[in-house]
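J.: Please read through the structure below; I'll follow up with questions.
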Amino acid sequence: MKIKKLPTVLLIVVALLLISTTTAFARPELAEFTLDNRSTYTAYIYMHGAGGEYYYLTVPAGTSTTFTVERVAYTYELLTCDGESLDDSIDLTNGGKLVVPATCEAPSPFDQTLFARPELARFTVDNQSDQPAYIYMNGAGGQYYYLTVLAGTSETFTVDRVLYTYDLRSCGVLSEDNTINLTNGGKLEISACPRLVGFNIYNFTDSTLFFTMSGPQTVSFSLDADTFRFLTVEPGLYDASYSGCEDKVEREGLLWPEYNEWIWLTCP
């Protein structure tokens, strides 16, 4: 392919509008479990997790201790009150608490209280572009949100803790059928809008040529003999080719458009 000007150095492609990796707020691998022993006896607890996890924990009389454990459901045996025992289960996927009352003689001396988990999650949209962003979100349980984030701003919303599909319109582009899991909150980053490059393609032949270039975007068109066409495209490296010369051989090459340059197409 005889394209008059081809780059020799591969530059880093300016990013397109990308929805950042939907980075959920990090969730610790371990959960907090508190054993509040209000009795006058030492408390002993043997915990067995659904995945084979095992803990043997001891809490002295009249004290409260918080442990970190794997986020799973447990069956446990709790020994206290001078030999009294209780076999039960507790779900610690979101942390939890067991209270041993001071009065061991109570009919139900063990009060299990799970830490409440908020129904809503925090969802942050960081719009780094110079245009407003519009997000249309549909939750797995029928929830719906229409969010607007102004150019160059970051907004935090509270939404239901579910999986969403969403469409995003920003930088004049509509990105459809994306997904984001907000069961533990999350964040969406919108990159800066790409800056377009304007340049010219000139058919310096006596034949009509068919030209195509593919890379950050794809462009194809026919160009009559001895005519030119002005293009605006997203910056980056392209695979370019054209056909229509008398020898019927397709010319191929790499093209990195530069602002206001001329690309000449020739036949042998």
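Within each chain, counting starts at residue 1; across the structure tokens, chains are named A, B, ... in the order shown, with ligands numbered 1 upward in that order.
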Within 9 Å of stretch 243-246 of chain A, which residues of stretch 148-222 of chain A show up? Give each one with its shortest atom-to-atom distance in Å (one decimal) and the two atoms involved, counting only C-alpha atoms, rows by chain then rising residue number, as JSON lines.
T.:
```
{"residue": "A:Thr205", "atom": "CA", "partner": "A:Cys245", "partner_atom": "CA", "distance": 8.1}
{"residue": "A:Asp206", "atom": "CA", "partner": "A:Cys245", "partner_atom": "CA", "distance": 8.6}
{"residue": "A:Ser207", "atom": "CA", "partner": "A:Cys245", "partner_atom": "CA", "distance": 6.4}
{"residue": "A:Thr208", "atom": "CA", "partner": "A:Gly244", "partner_atom": "CA", "distance": 6.2}
{"residue": "A:Leu209", "atom": "CA", "partner": "A:Gly244", "partner_atom": "CA", "distance": 4.7}
{"residue": "A:Phe210", "atom": "CA", "partner": "A:Ser243", "partner_atom": "CA", "distance": 5.4}
{"residue": "A:Phe211", "atom": "CA", "partner": "A:Ser243", "partner_atom": "CA", "distance": 6.8}
```
J.: Under the rule that only C-alpha atoms are counted, which of A:Ile45, A:Val125, A:Ile201, A:Leu163 is the nearest residue to A:Gly142?
T.: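 Under the stated criterion, the closest residue is A:Leu163.
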J.: May I have the residues within 9 Å of A:Gly139 as a list in words, using only C-alpha atoms and disregarding those fewer than 5 positions away in the same chain?
T.: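 In the requested format, the answer is Tyr144, Tyr145, Asp160, Arg161, Val162, Leu163, Tyr164, Thr165 and Tyr166 of chain A.
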J.: Pick out the closest residue to A:Ser129 from this set: A:Val219, A:Ile180, A:Ile263, A:Val149. Count only C-alpha atoms.
T.: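 Between A:Val219, A:Ile180, A:Ile263, A:Val149, the residue approaching A:Ser129 most closely is A:Val149.
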J.: Hey, what does DSSP flag as strand (DSSP E or B) within stretch 25-83 of chain A? Can you give it to me as a VMD selection string?
T.: chain A and resid 30 to 37 43 to 49 54 to 59 63 to 70 73 to 80
J.: Between A:Val99, A:Cys267, A:Leu35, A:Ala50, which residue has the minimum interatomic distance to A:Thr68, considering only C-alpha atoms?
T.: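 The answer is A:Leu35, which sits nearest to A:Thr68.
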J.: Which distance in Å separates atom CA of A:Leu92 and atom CA of A:Val72, to one decimal?
T.: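 Atom CA of A:Leu92 sits 5.4 Å away from atom CA of A:Val72.
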J.: Compare A:Asp167, A:Tyr54, A:Tyr134, A:Ala61 by their minimum atom-to-atom distance to A:Tyr76, counting only C-alpha atoms, and give me the closest one.
T.: A:Tyr54
J.: May I have the residues within 12 Å of A:Thr58 as a PyMOL selection string, using only C-alpha atoms and disregarding those fewer than 2 positions away in the same chain?
T.: chain A and resi 34-37+41-47+55-56+60-61+63-67+78-80
J.: Keeping only N, CA, C and O atoms, write the selected residues to a file as a PDB file, in the first residue's frame.
T.:
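Dumped everything to again25.pdb:
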```pdb
ATOM      1  N   THR A  34     -18.810 -10.542  67.340  1.00  0.00           N
ATOM      2  CA  THR A  34     -18.664 -10.123  68.736  1.00  0.00           C
ATOM      3  C   THR A  34     -19.389 -11.098  69.663  1.00  0.00           C
ATOM      4  O   THR A  34     -20.561 -11.424  69.436  1.00  0.00           O
ATOM      5  N   LEU A  35     -18.680 -11.546  70.682  1.00  0.00           N
ATOM      6  CA  LEU A  35     -19.287 -12.365  71.730  1.00  0.00           C
ATOM      7  C   LEU A  35     -19.283 -11.539  73.019  1.00  0.00           C
ATOM      8  O   LEU A  35     -18.230 -11.247  73.582  1.00  0.00           O
ATOM      9  N   ASP A  36     -20.476 -11.124  73.417  1.00  0.00           N
ATOM     10  CA  ASP A  36     -20.646 -10.273  74.601  1.00  0.00           C
ATOM     11  C   ASP A  36     -21.079 -11.157  75.772  1.00  0.00           C
ATOM     12  O   ASP A  36     -22.243 -11.570  75.856  1.00  0.00           O
ATOM     13  N   ASN A  37     -20.158 -11.454  76.641  1.00  0.00           N
ATOM     14  CA  ASN A  37     -20.418 -12.358  77.770  1.00  0.00           C
ATOM     15  C   ASN A  37     -20.720 -11.541  79.032  1.00  0.00           C
ATOM     16  O   ASN A  37     -19.819 -11.067  79.725  1.00  0.00           O
ATOM     17  N   TYR A  41     -19.475 -16.290  84.227  1.00  0.00           N
ATOM     18  CA  TYR A  41     -18.738 -17.487  83.856  1.00  0.00           C
ATOM     19  C   TYR A  41     -18.018 -17.260  82.524  1.00  0.00           C
ATOM     20  O   TYR A  41     -18.499 -16.531  81.651  1.00  0.00           O
ATOM     21  N   THR A  42     -16.891 -17.916  82.370  1.00  0.00           N
ATOM     22  CA  THR A  42     -16.185 -17.861  81.084  1.00  0.00           C
ATOM     23  C   THR A  42     -17.035 -18.529  80.003  1.00  0.00           C
ATOM     24  O   THR A  42     -17.674 -19.563  80.258  1.00  0.00           O
ATOM     25  N   ALA A  43     -17.065 -17.948  78.812  1.00  0.00           N
ATOM     26  CA  ALA A  43     -17.822 -18.499  77.683  1.00  0.00           C
ATOM     27  C   ALA A  43     -16.859 -19.137  76.693  1.00  0.00           C
ATOM     28  O   ALA A  43     -15.814 -18.568  76.363  1.00  0.00           O
ATOM     29  N   TYR A  44     -17.221 -20.323  76.224  1.00  0.00           N
ATOM     30  CA  TYR A  44     -16.433 -21.050  75.227  1.00  0.00           C
ATOM     31  C   TYR A  44     -17.337 -21.337  74.024  1.00  0.00           C
ATOM     32  O   TYR A  44     -18.467 -21.810  74.199  1.00  0.00           O
ATOM     33  N   ILE A  45     -16.865 -21.063  72.829  1.00  0.00           N
ATOM     34  CA  ILE A  45     -17.681 -21.312  71.647  1.00  0.00           C
ATOM     35  C   ILE A  45     -16.861 -22.071  70.612  1.00  0.00           C
ATOM     36  O   ILE A  45     -15.708 -21.735  70.333  1.00  0.00           O
ATOM     37  N   TYR A  46     -17.479 -23.143  70.077  1.00  0.00           N
ATOM     38  CA  TYR A  46     -16.872 -23.960  69.026  1.00  0.00           C
ATOM     39  C   TYR A  46     -17.684 -23.717  67.752  1.00  0.00           C
ATOM     40  O   TYR A  46     -18.890 -24.024  67.715  1.00  0.00           O
ATOM     41  N   MET A  47     -17.051 -23.171  66.735  1.00  0.00           N
ATOM     42  CA  MET A  47     -17.763 -22.769  65.514  1.00  0.00           C
ATOM     43  C   MET A  47     -17.263 -23.563  64.303  1.00  0.00           C
ATOM     44  O   MET A  47     -16.052 -23.671  64.079  1.00  0.00           O
ATOM     45  N   TYR A  55     -13.372 -22.474  64.397  1.00  0.00           N
ATOM     46  CA  TYR A  55     -12.853 -21.545  65.401  1.00  0.00           C
ATOM     47  C   TYR A  55     -13.220 -22.053  66.794  1.00  0.00           C
ATOM     48  O   TYR A  55     -14.330 -22.564  67.019  1.00  0.00           O
ATOM     49  N   TYR A  56     -12.271 -21.908  67.709  1.00  0.00           N
ATOM     50  CA  TYR A  56     -12.524 -22.151  69.127  1.00  0.00           C
ATOM     51  C   TYR A  56     -12.188 -20.849  69.844  1.00  0.00           C
ATOM     52  O   TYR A  56     -11.029 -20.418  69.883  1.00  0.00           O
ATOM     53  N   PRO A  60     -13.720 -14.224  78.612  1.00  0.00           N
ATOM     54  CA  PRO A  60     -13.846 -14.236  80.081  1.00  0.00           C
ATOM     55  C   PRO A  60     -15.173 -13.644  80.541  1.00  0.00           C
ATOM     56  O   PRO A  60     -15.852 -12.913  79.794  1.00  0.00           O
ATOM     57  N   ALA A  61     -15.526 -13.939  81.771  1.00  0.00           N
ATOM     58  CA  ALA A  61     -16.769 -13.429  82.360  1.00  0.00           C
ATOM     59  C   ALA A  61     -16.798 -11.908  82.364  1.00  0.00           C
ATOM     60  O   ALA A  61     -15.782 -11.253  82.622  1.00  0.00           O
ATOM     61  N   THR A  63     -16.995  -9.719  80.009  1.00  0.00           N
ATOM     62  CA  THR A  63     -16.268  -8.987  78.966  1.00  0.00           C
ATOM     63  C   THR A  63     -16.908  -9.220  77.597  1.00  0.00           C
ATOM     64  O   THR A  63     -17.683 -10.159  77.396  1.00  0.00           O
ATOM     65  N   SER A  64     -16.549  -8.376  76.679  1.00  0.00           N
ATOM     66  CA  SER A  64     -17.018  -8.496  75.290  1.00  0.00           C
ATOM     67  C   SER A  64     -15.790  -8.474  74.375  1.00  0.00           C
ATOM     68  O   SER A  64     -14.936  -7.592  74.507  1.00  0.00           O
ATOM     69  N   THR A  65     -15.699  -9.431  73.462  1.00  0.00           N
ATOM     70  CA  THR A  65     -14.558  -9.536  72.560  1.00  0.00           C
ATOM     71  C   THR A  65     -15.042  -9.640  71.124  1.00  0.00           C
ATOM     72  O   THR A  65     -16.021 -10.355  70.842  1.00  0.00           O
ATOM     73  N   THR A  66     -14.378  -8.931  70.242  1.00  0.00           N
ATOM     74  CA  THR A  66     -14.708  -8.977  68.815  1.00  0.00           C
ATOM     75  C   THR A  66     -13.602  -9.730  68.075  1.00  0.00           C
ATOM     76  O   THR A  66     -12.421  -9.403  68.204  1.00  0.00           O
ATOM     77  N   PHE A  67     -13.998 -10.723  67.296  1.00  0.00           N
ATOM     78  CA  PHE A  67     -13.078 -11.542  66.519  1.00  0.00           C
ATOM     79  C   PHE A  67     -13.306 -11.289  65.022  1.00  0.00           C
ATOM     80  O   PHE A  67     -14.360 -10.785  64.620  1.00  0.00           O
ATOM     81  N   LEU A  78     -22.025 -23.393  72.247  1.00  0.00           N
ATOM     82  CA  LEU A  78     -21.614 -22.367  73.199  1.00  0.00           C
ATOM     83  C   LEU A  78     -21.717 -22.940  74.607  1.00  0.00           C
ATOM     84  O   LEU A  78     -22.783 -23.397  75.020  1.00  0.00           O
ATOM     85  N   LEU A  79     -20.583 -22.931  75.343  1.00  0.00           N
ATOM     86  CA  LEU A  79     -20.546 -23.435  76.713  1.00  0.00           C
ATOM     87  C   LEU A  79     -20.293 -22.281  77.668  1.00  0.00           C
ATOM     88  O   LEU A  79     -19.321 -21.538  77.516  1.00  0.00           O
ATOM     89  N   THR A  80     -21.154 -22.123  78.660  1.00  0.00           N
ATOM     90  CA  THR A  80     -20.978 -21.097  79.688  1.00  0.00           C
ATOM     91  C   THR A  80     -21.962 -21.378  80.824  1.00  0.00           C
ATOM     92  O   THR A  80     -22.593 -22.440  80.860  1.00  0.00           O
TER      93      THR A  80
END
```
J.: Nearest to A:Val69 among A:Gly95, A:Gly51, A:Pro235, A:Pro268, with distances taken over only C-alpha atoms: which residue is it?
T.: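 When distances to A:Val69 are compared using only C-alpha atoms, the smallest one comes from A:Gly95.
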J.: Please, what distance in Å, to one decimal, runs between atom CA of A:Arg229 and atom CA of A:Pro194?
T.: 21.7 Å
J.: Expressed in Å to a single decimal, how great is the separation between atom CA of A:Asn178 and atom CA of A:Arg195?
T.: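 Straight-line distance from atom CA of A:Asn178 to atom CA of A:Arg195 works out to 24.0 Å.
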J.: Smallest atom-to-atom distance to A:Ala140: which of A:Gln128, A:Ser222, A:Ser170, A:Thr179, using only C-alpha atoms?
T.: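 Looking only at the distances to A:Ala140, the closest residue turns out to be A:Thr179.
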